[in-house]
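The file input-v8.cif comes next; it holds mmCIF, C-alpha atoms.
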data_run
#
loop_
_atom_site.label_atom_id
_atom_site.label_comp_id
_atom_site.auth_asym_id
_atom_site.auth_seq_id
_atom_site.Cartn_x
_atom_site.Cartn_y
_atom_site.Cartn_z
CA MET A 19 87.18 -65.53 -30.55
CA GLY A 20 86.57 -62.16 -29.20
CA LYS A 21 83.69 -61.59 -31.49
CA GLY A 22 81.47 -63.99 -29.57
CA LYS A 23 80.23 -67.35 -30.75
CA ARG A 24 81.42 -68.50 -34.11
CA LYS A 25 80.11 -71.52 -35.94
CA VAL A 26 82.57 -74.27 -36.78
CA PRO A 27 82.55 -74.44 -40.54
CA GLY A 28 81.10 -77.72 -41.81
CA LEU A 29 83.38 -80.08 -43.65
CA ASN A 30 82.87 -79.82 -47.34
CA GLN A 31 81.26 -83.11 -48.23
CA SER A 32 80.40 -82.42 -51.80
CA SER A 33 83.05 -84.81 -53.09
CA THR A 34 82.04 -87.78 -50.88
CA ALA A 35 79.50 -88.78 -53.45
CA ASP A 36 82.13 -88.76 -56.17
CA ILE A 37 84.54 -90.82 -54.11
CA SER A 38 81.96 -93.42 -53.32
CA PHE A 39 80.86 -93.42 -56.93
CA ILE A 40 84.36 -94.35 -57.98
CA LEU A 41 84.47 -97.15 -55.43
CA LEU A 42 81.05 -98.29 -56.53
CA ILE A 43 82.11 -98.43 -60.15
CA PHE A 44 85.21 -100.40 -59.21
CA PHE A 45 83.16 -103.06 -57.46
CA LEU A 46 80.58 -103.07 -60.20
CA VAL A 47 83.28 -103.90 -62.70
CA THR A 48 85.03 -106.55 -60.64
CA THR A 49 81.88 -108.32 -59.52
CA SER A 50 81.07 -111.44 -61.48
CA MET A 51 77.39 -111.95 -60.99
CA ASP A 52 77.24 -114.75 -63.48
CA THR A 53 76.56 -117.92 -61.57
CA ASP A 54 77.98 -121.16 -62.72
CA THR A 55 75.61 -123.33 -64.69
CA GLY A 56 75.82 -126.97 -65.57
CA LEU A 57 74.39 -130.45 -65.60
CA SER A 58 74.32 -132.07 -62.17
CA ARG A 59 75.19 -135.70 -61.78
CA ARG A 60 75.92 -137.98 -58.88
CA LEU A 61 78.75 -140.45 -59.18
CA PRO A 62 78.31 -143.94 -57.78
CA GLU A 63 80.16 -144.65 -54.61
CA TRP A 64 83.61 -146.14 -54.87
CA ASP A 65 83.51 -149.79 -53.98
CA PRO A 66 86.45 -151.85 -55.18
CA ASN A 67 84.56 -155.08 -54.54
CA ALA A 68 81.48 -154.35 -56.62
CA VAL A 69 82.40 -155.56 -60.06
CA GLU A 70 80.12 -158.39 -60.98
CA GLN A 71 76.83 -156.80 -59.97
CA GLU A 72 75.61 -155.89 -63.40
CA MET A 73 75.63 -159.48 -64.53
CA LYS A 74 72.49 -160.19 -62.56
CA ILE A 75 70.28 -157.72 -64.41
CA LYS A 76 67.97 -159.25 -66.97
CA GLU A 77 68.61 -158.39 -70.54
CA ARG A 78 65.26 -156.72 -71.15
CA ASN A 79 65.94 -154.25 -68.35
CA VAL A 80 69.16 -152.94 -69.80
CA MET A 81 69.73 -150.33 -72.43
CA THR A 82 73.30 -149.90 -73.47
CA VAL A 83 74.43 -146.62 -74.94
CA LEU A 84 77.91 -146.92 -76.35
CA VAL A 85 79.65 -143.84 -77.67
CA ASN A 86 82.66 -145.03 -79.59
CA GLN A 87 85.88 -143.34 -80.65
CA ASN A 88 84.26 -142.04 -83.84
CA ASN A 89 81.63 -140.33 -81.71
CA GLU A 90 78.91 -142.63 -83.03
CA ILE A 91 76.15 -143.54 -80.65
CA HIS A 92 75.23 -147.18 -80.62
CA VAL A 93 72.08 -148.04 -78.71
CA LYS A 94 71.11 -151.54 -77.77
CA ASN A 95 67.96 -152.57 -75.97
CA GLY A 96 65.14 -155.05 -76.54
CA VAL A 97 63.80 -153.30 -79.62
CA VAL A 98 66.61 -151.12 -80.95
CA ASN A 99 70.09 -152.27 -81.82
CA ARG A 100 71.85 -149.88 -84.16
CA VAL A 101 73.82 -146.71 -84.53
CA ILE A 102 71.51 -143.77 -84.02
CA ASP A 103 71.58 -140.04 -84.40
CA ILE A 104 71.69 -137.96 -81.24
CA SER A 105 68.24 -136.53 -82.03
CA GLU A 106 66.66 -139.99 -81.78
CA LEU A 107 68.15 -140.80 -78.42
CA LYS A 108 65.62 -138.98 -76.27
CA ASP A 109 62.59 -140.74 -77.68
CA ILE A 110 64.24 -144.15 -77.61
CA ALA A 111 65.21 -143.56 -74.00
CA LYS A 112 61.73 -142.38 -73.09
CA GLU A 113 60.12 -145.43 -74.60
CA PHE A 114 62.63 -147.63 -72.84
CA ILE A 115 62.18 -146.02 -69.44
CA ALA A 116 58.39 -145.83 -69.48
CA ASN A 117 57.57 -148.90 -71.59
CA PRO A 118 54.10 -147.50 -72.27
CA ASP A 119 52.85 -150.48 -74.31
CA ASP A 120 54.08 -153.12 -71.90
CA ASN A 121 56.40 -154.54 -74.51
CA VAL A 122 57.96 -157.82 -73.36
CA ASN A 123 61.30 -156.76 -74.76
CA LEU A 124 61.39 -153.56 -72.74
CA PRO A 125 61.85 -153.25 -68.97
CA ILE A 126 59.44 -155.17 -66.81
CA LYS A 127 56.77 -153.12 -65.04
CA GLU A 128 56.26 -153.85 -61.39
CA ASP A 129 54.36 -152.55 -58.42
CA TYR A 130 56.47 -150.10 -56.56
CA VAL A 131 55.61 -148.40 -53.30
CA ILE A 132 56.41 -144.73 -53.13
CA GLU A 133 56.54 -143.39 -49.61
CA ASP A 134 53.70 -141.00 -48.71
CA PHE A 135 51.96 -141.70 -51.98
CA GLY A 136 51.06 -145.30 -52.64
CA THR A 137 51.72 -148.03 -55.12
CA VAL A 138 52.56 -147.29 -58.71
CA VAL A 139 53.39 -149.51 -61.64
CA THR A 140 56.72 -148.57 -63.09
CA THR A 141 59.93 -149.97 -64.50
CA VAL A 142 61.87 -150.06 -61.27
CA ARG A 143 64.62 -152.26 -62.52
CA HIS A 144 65.57 -150.56 -65.73
CA VAL A 145 69.17 -149.51 -66.15
CA ILE A 146 70.73 -147.31 -68.78
CA SER A 147 74.32 -148.23 -69.14
CA LEU A 148 76.43 -145.49 -70.64
CA GLN A 149 79.74 -146.62 -72.03
CA THR A 150 82.45 -144.58 -73.61
CA ASP A 151 85.81 -145.17 -75.12
CA ARG A 152 88.87 -143.34 -73.83
CA THR A 153 89.02 -141.44 -77.09
CA THR A 154 85.37 -140.46 -77.20
CA GLY A 155 84.93 -136.70 -77.36
CA TYR A 156 83.53 -134.91 -74.34
CA GLU A 157 81.08 -132.86 -76.37
CA ILE A 158 79.15 -135.86 -77.65
CA TYR A 159 79.29 -137.48 -74.23
CA PHE A 160 77.80 -134.37 -72.70
CA LYS A 161 75.07 -134.28 -75.32
CA VAL A 162 74.20 -137.89 -74.60
CA GLN A 163 73.99 -137.13 -70.88
CA HIS A 164 71.88 -134.12 -71.66
CA GLU A 165 69.46 -136.07 -73.86
CA LEU A 166 69.09 -138.83 -71.29
CA SER A 167 68.48 -136.27 -68.61
CA LYS A 168 65.88 -134.65 -70.85
CA ALA A 169 64.14 -137.99 -71.35
CA TYR A 170 63.73 -138.37 -67.60
CA SER A 171 62.61 -134.76 -67.18
CA GLU A 172 59.96 -135.05 -69.84
CA LEU A 173 58.58 -138.27 -68.40
CA ARG A 174 58.53 -136.73 -64.94
CA ASP A 175 56.86 -133.64 -66.27
CA ALA A 176 54.15 -135.62 -68.02
CA TRP A 177 53.49 -137.73 -64.97
CA ALA A 178 53.47 -134.73 -62.64
CA ARG A 179 50.90 -133.04 -64.84
CA LYS A 180 48.73 -136.14 -64.82
CA THR A 181 49.01 -136.73 -61.09
CA PHE A 182 49.32 -133.28 -59.54
CA GLY A 183 48.00 -131.19 -62.41
CA LYS A 184 51.16 -129.12 -62.76
CA PRO A 185 54.64 -129.46 -64.23
CA TYR A 186 57.44 -130.95 -62.19
CA LYS A 187 59.12 -127.64 -61.51
CA GLU A 188 56.00 -126.24 -59.86
CA CYS A 189 55.50 -129.25 -57.61
CA ASP A 190 56.36 -128.84 -53.97
CA GLU A 191 60.04 -129.48 -53.42
CA LYS A 192 59.65 -131.29 -50.14
CA THR A 193 56.56 -133.42 -50.74
CA GLU A 194 55.66 -133.80 -54.39
CA GLN A 195 58.95 -133.73 -56.24
CA PRO A 196 60.39 -136.75 -54.41
CA ILE A 197 57.28 -138.71 -55.35
CA VAL A 198 57.69 -137.83 -59.01
CA ARG A 199 61.37 -138.67 -58.80
CA GLY A 200 60.43 -141.99 -57.25
CA MET A 201 58.19 -142.76 -60.18
CA TYR A 202 60.94 -142.18 -62.72
CA ALA A 203 64.18 -142.53 -60.82
CA SER A 204 67.25 -141.78 -62.86
CA LYS A 205 69.20 -144.98 -63.37
CA ILE A 206 72.13 -144.09 -65.52
CA SER A 207 75.05 -146.33 -64.84
CA GLU A 208 78.41 -145.36 -66.15
CA ALA A 209 80.42 -148.43 -66.74
CA GLU A 210 83.84 -148.78 -65.27
CA PRO A 211 86.38 -147.59 -67.78
CA LYS A 212 87.27 -150.15 -70.37
CA GLN A 213 89.54 -150.11 -73.33
CA TYR A 214 87.68 -150.96 -76.49
CA GLY A 215 89.47 -151.75 -79.67
CA THR A 216 86.48 -151.15 -81.88
CA ALA A 217 82.80 -150.70 -81.24
CA GLN A 218 80.99 -153.95 -80.69
CA MET B 29 63.80 -72.82 -57.92
CA PRO B 30 65.06 -74.40 -54.71
CA GLU B 31 68.12 -76.58 -55.10
CA LEU B 32 67.78 -80.30 -54.71
CA ASN B 33 69.10 -81.52 -51.39
CA THR B 34 71.89 -83.95 -52.20
CA SER B 35 73.17 -84.44 -48.68
CA SER B 36 71.90 -88.05 -48.53
CA LEU B 37 73.35 -88.98 -51.89
CA PRO B 38 76.65 -90.27 -50.42
CA ASP B 39 74.72 -92.51 -48.03
CA LEU B 40 72.70 -93.88 -50.87
CA ILE B 41 75.75 -94.60 -52.96
CA PHE B 42 77.49 -96.16 -49.96
CA THR B 43 74.63 -98.58 -49.51
CA VAL B 44 74.89 -99.73 -53.10
CA LEU B 45 78.65 -99.88 -52.70
CA PHE B 46 78.37 -102.16 -49.69
CA PHE B 47 76.04 -104.44 -51.57
CA PHE B 48 78.57 -104.91 -54.33
CA MET B 49 81.38 -105.35 -51.85
CA MET B 50 79.41 -108.17 -50.27
CA VAL B 51 78.67 -110.07 -53.45
CA THR B 52 82.10 -109.64 -54.97
CA SER B 53 84.38 -112.59 -54.65
CA MET B 54 87.89 -111.50 -55.32
CA ARG B 55 89.34 -114.97 -55.03
CA GLU B 56 89.07 -115.82 -58.69
CA VAL B 57 91.44 -118.33 -60.16
CA THR B 58 93.26 -117.44 -63.33
CA VAL B 59 92.42 -120.20 -65.72
CA MET B 60 95.51 -121.47 -67.50
CA VAL B 61 93.73 -123.76 -69.92
CA ASP B 62 91.50 -122.95 -72.87
CA ILE B 63 87.97 -123.98 -72.11
CA LYS B 64 84.87 -123.78 -74.21
CA THR B 65 82.21 -125.67 -72.33
CA PRO B 66 79.49 -127.55 -74.21
CA LYS B 67 76.03 -126.10 -74.54
CA GLY B 68 72.82 -127.51 -73.16
CA SER B 69 69.28 -126.27 -72.93
CA THR B 70 66.52 -127.42 -70.63
CA GLU B 71 68.54 -129.54 -68.23
CA ILE B 72 71.09 -126.92 -67.27
CA GLU B 73 70.76 -125.77 -63.69
CA LYS B 74 72.18 -122.84 -61.83
CA LEU B 75 74.58 -123.55 -59.02
CA GLU B 76 73.03 -121.77 -56.11
CA ARG B 77 75.71 -121.44 -53.47
CA LYS B 78 79.16 -120.58 -54.64
CA SER B 79 80.78 -121.53 -51.37
CA LEU B 80 79.87 -125.18 -51.96
CA VAL B 81 81.47 -125.38 -55.36
CA SER B 82 85.05 -126.29 -56.19
CA HIS B 83 86.32 -126.16 -59.72
CA ILE B 84 88.37 -128.55 -61.76
CA TYR B 85 89.48 -127.28 -65.14
CA ILE B 86 90.43 -129.56 -67.99
CA GLY B 87 91.59 -128.34 -71.37
CA SER B 88 94.58 -127.56 -73.53
CA PRO B 89 97.06 -125.22 -71.87
CA SER B 90 96.57 -121.67 -73.08
CA LYS B 91 99.00 -120.01 -75.48
CA SER B 92 101.60 -118.84 -73.01
CA TYR B 93 102.00 -122.32 -71.54
CA ARG B 94 101.88 -124.22 -74.78
CA ALA B 95 105.57 -123.83 -75.50
CA THR B 96 106.53 -125.74 -72.39
CA LEU B 97 103.56 -128.04 -71.93
CA GLY B 98 102.31 -128.78 -75.40
CA ALA B 99 98.67 -128.88 -76.39
CA THR B 100 97.66 -132.11 -74.68
CA PRO B 101 94.71 -131.49 -72.36
CA ARG B 102 95.76 -130.98 -68.78
CA ILE B 103 94.01 -130.73 -65.46
CA GLN B 104 94.18 -127.50 -63.53
CA LEU B 105 93.50 -127.43 -59.81
CA ASN B 106 93.61 -124.01 -58.18
CA GLU B 107 96.60 -122.32 -59.80
CA VAL B 108 98.63 -125.31 -60.86
CA PHE B 109 98.58 -128.04 -63.46
CA ALA B 110 98.10 -131.41 -61.88
CA GLU B 111 97.90 -135.11 -62.53
CA PRO B 112 94.69 -137.02 -61.79
CA GLU B 113 96.31 -138.49 -58.69
CA ALA B 114 96.49 -135.03 -57.11
CA ILE B 115 92.72 -134.70 -57.11
CA ARG B 116 92.23 -136.61 -53.92
CA GLU B 117 94.43 -134.22 -52.00
CA PHE B 118 92.69 -131.30 -53.65
CA VAL B 119 89.30 -132.61 -52.55
CA ILE B 120 90.52 -133.12 -49.00
CA ALA B 121 91.91 -129.58 -48.89
CA GLU B 122 88.71 -128.11 -50.29
CA ARG B 123 86.62 -130.09 -47.89
CA ALA B 124 88.71 -128.96 -44.94
CA SER B 125 88.01 -125.34 -45.79
CA MET B 126 84.25 -125.79 -45.59
CA PHE B 127 81.84 -125.55 -42.71
CA GLU B 128 81.06 -128.88 -41.12
CA LYS B 129 77.41 -128.84 -42.09
CA ASP B 130 78.20 -128.00 -45.70
CA LYS B 131 80.66 -130.82 -46.25
CA PRO B 132 78.16 -133.37 -47.56
CA LEU B 133 76.83 -130.78 -49.98
CA MET B 134 80.15 -130.17 -51.65
CA LYS B 135 79.94 -129.98 -55.42
CA MET B 136 82.72 -130.38 -57.89
CA SER B 137 82.23 -128.31 -60.99
CA LEU B 138 84.02 -129.86 -63.93
CA LYS B 139 84.86 -127.20 -66.44
CA ILE B 140 85.91 -129.22 -69.41
CA ASP B 141 86.63 -128.13 -72.93
CA GLN B 142 84.37 -129.81 -75.43
CA ASN B 143 87.25 -131.23 -77.44
CA VAL B 144 88.77 -133.12 -74.54
CA LYS B 145 88.71 -136.90 -74.81
CA MET B 146 86.84 -139.00 -72.29
CA GLY B 147 89.94 -140.85 -71.09
CA ILE B 148 91.25 -138.08 -68.89
CA ILE B 149 87.73 -137.27 -67.71
CA THR B 150 87.13 -140.87 -66.70
CA ASP B 151 90.37 -140.80 -64.71
CA VAL B 152 89.23 -137.66 -62.95
CA LYS B 153 85.85 -139.14 -62.17
CA GLN B 154 87.43 -142.29 -60.76
CA GLU B 155 89.62 -140.16 -58.51
CA LEU B 156 86.62 -138.16 -57.39
CA ARG B 157 84.82 -141.36 -56.50
CA LYS B 158 87.81 -142.52 -54.50
CA ALA B 159 87.79 -139.21 -52.66
CA SER B 160 84.01 -139.60 -52.24
CA ALA B 161 83.28 -136.28 -53.82
CA LEU B 162 80.24 -137.65 -55.59
CA ASN B 163 78.26 -134.56 -56.46
CA ILE B 164 79.57 -133.33 -59.75
CA VAL B 165 78.41 -130.77 -62.25
CA TYR B 166 79.38 -130.81 -65.87
CA SER B 167 79.76 -127.10 -66.37
CA ALA B 168 77.86 -125.96 -69.44
CA GLY B 169 76.31 -122.88 -70.89
CA PHE B 170 72.81 -122.21 -72.09
CA GLU B 171 71.80 -122.59 -75.66
CA LYS B 172 68.57 -121.19 -76.94
CA ALA B 173 66.02 -124.00 -76.95
CA LYS B 174 64.90 -124.88 -80.44
CA ASP B 175 61.56 -126.45 -79.65
#
As structure tokens, how would this structure be written, given the file I've shared?
Amino acid sequence: MGKGKRKVPGLNQSSTADISFILLIFFLVTTSMDTDTGLSRRLPEWDPNAVEQEMKIKERNVMTVLVNQNNEIHVKNGVVNRVIDISELKDIAKEFIANPDDNVNLPIKEDYVIEDFGTVVTTVRHVISLQTDRTTGYEIYFKVQHELSKAYSELRDAWARKTFGKPYKECDEKTEQPIVRGMYASKISEAEPKQYGTAQ
Amino acid sequence: MPELNTSSLPDLIFTVLFFFMMVTSMREVTVMVDIKTPKGSTEIEKLERKSLVSHIYIGSPSKSYRATLGATPRIQLNEVFAEPEAIREFVIAERASMFEKDKPLMKMSLKIDQNVKMGIITDVKQELRKASALNIVYSAGFEKAKD
């Protein structure tokens, strides 16, 4: 004190970096950056009174996909009625949804007004009915869902390219994508659970 | 040669540290069932906002639980095994913990083992419909596209 002004010695901070490094490494390790991935679906609303609705749909507008307890896929629509391999499902579904040749056994094509776009001719009334048995495996069910979803995506993509000149994913989310979705709206109906003895 | 000035190094590291602290979610559930989700390719989407997602796990109980519970697939909600009937309460609890404006956007992520039978899944889906939790995601991983 007597020797005049003396500097307060600075705190030794050389180890701060090490300490924060350790913390950093801890959080690096515990962080799970991997986001969840999956196939999005929307369930139909619960309505205990709606049972008989499906009866009113014309036969040509319905495609039934039945996955039975042996994990066989049986497809039935106006032109196909047999057990198929999973690899065939996408193309069968695409032909059913789009009905490119105006086949009388495939869904009827009608004028349909898309908001902010205009009138298109599409199979508004088609329905894909997906039925499973209680003992069907989840893996095959998921694959069927995936293939059907792919069928819609590919049709949408093709139409988006034709109409907007770019694939669906690059279309504007607010304006163009809803139009494309309106053209090929996903109509997968999952039947109410039933107990099947054998595949019909 | 003059020494490199490292006095700002701690600040730098701290910044990175704070970033990781922010993105870390410590509230991870220990999964008590064995799950190997199916694989998809082009149709698999990322779930953007974690806060909107609730998980339902379905699969065979893992080894340590097998002695008491057997290998029949079970449903796991949060940290407990549950029956399908408990899902409605689970949905209500999850919904209550969300912000008001996010409630309609709630997503249920179904993490289901690929060997599970559809029966239990159908039950779960029916319960979800009753609870009007209609946005679901079949959790699945990526597989390299073949075409």
Checklist entry - Of the candidates A:Val145, A:Cys189, A:Ile75, A:Leu166, which shows the shortest atom-to-atom distance to Ile110 (chain A), using all atoms listed in the file? => result A:Leu166
Checklist entry - Neighbours of region 175-186 of chain A within 10 Å (all atoms listed in the file; same-chain residues fewer than 6 positions away dropped), as a count of residues only? => result 8
Checklist entry - When the cut-off is 7 Å and we count all atoms listed in the file, which residues of chain B are near chain A, given as a VMD selection string? => result chain B and resid 37 to 38 41 to 42 45 48 to 49 52 to 53 66 68 71 to 75 142 to 147 150 157 to 158 160 162 to 169
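Going from CA of Ala121 (chain B) over to CA of Ser90 (chain B), you cover 25.9 Å.
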Next on the checklist: For region 89-100 of chain A, find every residue with an atom within 7 Å (counting all atoms listed in the file), except residues of its own chain fewer than 3 positions away, and show them as a ChimeraX atom specification.
Outcome noted: /A:78,80-86,103,123-124,154-155,158
Next on the checklist: Quick check, in Å to one decimal: how far apart do CA of Ile63 (chain B) and CA of Gln104 (chain B) lie?
Outcome noted: 11.2 Å
Coordinates of box centre and edge lengths for region 50-64 of chain A, 4 Å on every side, axis-aligned, as lines of an AutoDock Vina configuration file:
center_x = 79.0
center_y = -128.8
center_z = -60.1
size_x = 17.3
size_y = 42.7
size_z = 19.0
Checklist entry - What is the distance between CA of Ala114 (chain B) and CA of Lys139 (chain B), in Å to one decimal? => result 16.8 Å
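Residue nearest Asn88 (chain A), chosen from A:Val101, A:Ala116, A:Leu148, A:Ala111 and counting only C-alpha atoms: A:Val101.
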Checklist entry - Which of these residues is nearest to Pro89 (chain B), using only C-alpha atoms: B:Phe170, B:Phe127, B:Phe109, B:Phe46? => result B:Phe109
Item to check | Selection under test: the PyMOL selection byres ((chain B and resi 84) around 8); residues as a PyMOL selection string | outcome: chain B and resi 82-83+85-86+103-106+136-139
Convert the output of the PyMOL selection byres ((chain B and resi 123) around 12) on the shown file into explicit residues, formatted as a compact mmCIF listing (two decimals) with C-alpha atoms, in the frame of the given file.
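So part.txt came out as:
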# COMPACT_ATOMS: atom_id res chain seq x y z
CA SER B 79 80.78 -121.53 -51.37
CA LEU B 80 79.87 -125.18 -51.96
CA VAL B 81 81.47 -125.38 -55.36
CA SER B 82 85.05 -126.29 -56.19
CA ILE B 115 92.72 -134.70 -57.11
CA ARG B 116 92.23 -136.61 -53.92
CA GLU B 117 94.43 -134.22 -52.00
CA PHE B 118 92.69 -131.30 -53.65
CA VAL B 119 89.30 -132.61 -52.55
CA ILE B 120 90.52 -133.12 -49.00
CA ALA B 121 91.91 -129.58 -48.89
CA GLU B 122 88.71 -128.11 -50.29
CA ALA B 124 88.71 -128.96 -44.94
CA SER B 125 88.01 -125.34 -45.79
CA MET B 126 84.25 -125.79 -45.59
CA PHE B 127 81.84 -125.55 -42.71
CA GLU B 128 81.06 -128.88 -41.12
CA LYS B 129 77.41 -128.84 -42.09
CA ASP B 130 78.20 -128.00 -45.70
CA LYS B 131 80.66 -130.82 -46.25
CA PRO B 132 78.16 -133.37 -47.56
CA LEU B 133 76.83 -130.78 -49.98
CA MET B 134 80.15 -130.17 -51.65
CA LYS B 135 79.94 -129.98 -55.42
CA MET B 136 82.72 -130.38 -57.89
CA ALA B 159 87.79 -139.21 -52.66
CA SER B 160 84.01 -139.60 -52.24
CA ALA B 161 83.28 -136.28 -53.82
Checklist outcome for this item: Between B:Thr58, B:Ser36, B:Thr70, B:Thr65, smallest distance to Tyr170 (chain A) by all atoms listed in the file belongs to B:Thr70
